[in-house]
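Undergrad: Sharing a structure, written as structure tokens. Questions coming.
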Amino acid sequence: MAQSQAKISQGQVIERIPLLASADPQWFAVYIYCQPNINYQLGDYQHHFPLMSVIKPFSFLYLLEHLGKEQVLQSVGTSPSSMAFNSLEQLISDHGYPRNPMINSGAITVADKLKTIGQTRLSSNYDGVSDDLCEHFIKWLNQLADTQLYLDMNMLNSVRSTRSQLNLAIAQVLCQHGYIENIESAIDIYEQICCISGTVVDLGRLGKLLADDQGLISPQHRLLVNDVMLTCGLYQASSHYRQKIGLPMKSGISGALLVVIPNQGAIATYSPALDPIGNSIAGLSLVETLCSNLSS
């Protein structure tokens, strides 16, 4: 862990979102889950942070569980992207079809489709408000994974105060090609689910959901989500780490990182100093060290 922390100075905390910009780059937390129910937690593991893009595998899973694979893949693909996670150029070159749910275009599309679940599954007093969708999504995750996730309203207000114009442009292209219905609601739901917050313990328990066949989710959907994380979870660095580490991973601009070890466990880290691509420098360093030691 000390070796990984030493690399923090090589990274930079994201500046675009005020509350994320105020994070201490020295924060570092680790949670490791191993079967059978052996857990390790180190560092600032009680610190709360927004999951940001690390929530994307789970919104994708939520959609798969409620709408089915065939319907979901009509709206979002599973192919890697060689461009940045918020690339408008990539989306335009793909004629508006989002490459995968781990990049912004795919995640915004998934967020828009959550309304379909709300309209068909929630109680009769459902009124279509995005707050209700996020609340039910959080409740679903907390019940399945035994987590204590919540929507951080202060973080959401901070995100809204500097709303990404690139995300708006992406949503406009998606809407023009018929992949989302409403630009404003899709962006609003997307921003809300990115501000779902918790600790590395919560994140590790989410990883456990994808690591083990506990009978809580479809094995087919679990494998699909892991496959997409393996090939797309670290943006344009995904292919590099797929060869180097070979495990499903997902990063977020808050500094969160989740690693799934299929049939064995999960590793969750939090360190807000990022590399130029947007991945946690200390988190990836720790995972590389652990995998190297295990394979030697």
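Residue numbering restarts at 1 in every chain; chains get A, B, ... in the order shown in the structure tokens, and ligands count up from 1 in that same order.
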When you look at Leu210 (chain A) with a cut-off of 8 Å (counting only C-alpha atoms), what residues show up, excluding the ones that are within fewer than 6 positions of it in the same chain? I need them as a list in words.
TA: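 Here the qualifying residues turn out to be Arg222, Leu223, Val225, Asn226, Val260 and Pro262 of chain A.
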Undergrad: So which residues touch Pro57 (chain A) within 12 Å, counting only C-alpha atoms, skipping near sequence neighbours fewer than 6 positions away, as a PyMOL selection string?
TA: chain A and resi 51+63-64+78+100-103+106-107+110-111+141+193-194+203+206-207+209-210+221-230+232-234+248-252+258-260
Undergrad: Counting only C-alpha atoms, which of A:Leu156, A:Cys195, A:Leu284, A:Leu257 gets nearest to Pro50 (chain A)?
TA: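 Under the stated criterion, the closest residue is A:Cys195.
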Undergrad: Taking only C-alpha atoms into account, which of A:Cys175, A:Ile261, A:Ile217, A:Val13 comes nearest Ser280 (chain A)?
TA: A:Val13
Undergrad: Could you name the residues that touch Glu288 (chain A) at 9 Å or less, counting only C-alpha atoms, but leaving out those on the same chain fewer than 4 positions away, as a list in words?
TA: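 Here the answer would be Lys244, Ile245, Gly283, Leu284, Ser292 and Asn293 of chain A.
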Undergrad: Take the residues just selected and output them with N, CA, C and O atoms as a PDB file, in the first residue's frame.
TA:
ATOM      1  N   LYS A 244      -2.451  -6.858 -19.188  1.00  0.00           N
ATOM      2  CA  LYS A 244      -1.522  -6.813 -18.056  1.00  0.00           C
ATOM      3  C   LYS A 244      -2.073  -7.471 -16.807  1.00  0.00           C
ATOM      4  O   LYS A 244      -1.349  -8.154 -16.078  1.00  0.00           O
ATOM      5  N   ILE A 245      -3.375  -7.275 -16.538  1.00  0.00           N
ATOM      6  CA  ILE A 245      -3.998  -7.790 -15.317  1.00  0.00           C
ATOM      7  C   ILE A 245      -5.050  -8.849 -15.623  1.00  0.00           C
ATOM      8  O   ILE A 245      -5.143  -9.860 -14.935  1.00  0.00           O
ATOM      9  N   GLY A 283      -4.749   3.421  -7.012  1.00  0.00           N
ATOM     10  CA  GLY A 283      -5.591   2.230  -7.074  1.00  0.00           C
ATOM     11  C   GLY A 283      -5.069   1.210  -8.064  1.00  0.00           C
ATOM     12  O   GLY A 283      -4.942   0.024  -7.757  1.00  0.00           O
ATOM     13  N   LEU A 284      -4.746   1.668  -9.269  1.00  0.00           N
ATOM     14  CA  LEU A 284      -4.230   0.755 -10.282  1.00  0.00           C
ATOM     15  C   LEU A 284      -2.867   0.195  -9.885  1.00  0.00           C
ATOM     16  O   LEU A 284      -2.565  -0.974 -10.131  1.00  0.00           O
ATOM     17  N   SER A 292       0.671  -9.078  -9.308  1.00  0.00           N
ATOM     18  CA  SER A 292       2.040  -9.532  -9.547  1.00  0.00           C
ATOM     19  C   SER A 292       2.509 -10.477  -8.447  1.00  0.00           C
ATOM     20  O   SER A 292       3.125 -11.511  -8.709  1.00  0.00           O
ATOM     21  N   ASN A 293       2.184 -10.145  -7.207  1.00  0.00           N
ATOM     22  CA  ASN A 293       2.583 -10.989  -6.077  1.00  0.00           C
ATOM     23  C   ASN A 293       1.861 -12.331  -6.083  1.00  0.00           C
ATOM     24  O   ASN A 293       2.426 -13.363  -5.738  1.00  0.00           O
TER      25      ASN A 293
END
Undergrad: What is the distance, in Å and to one decimal place, between CA of Thr199 (chain A) and CA of His48 (chain A)?
TA: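 It comes out at 4.8 Å.
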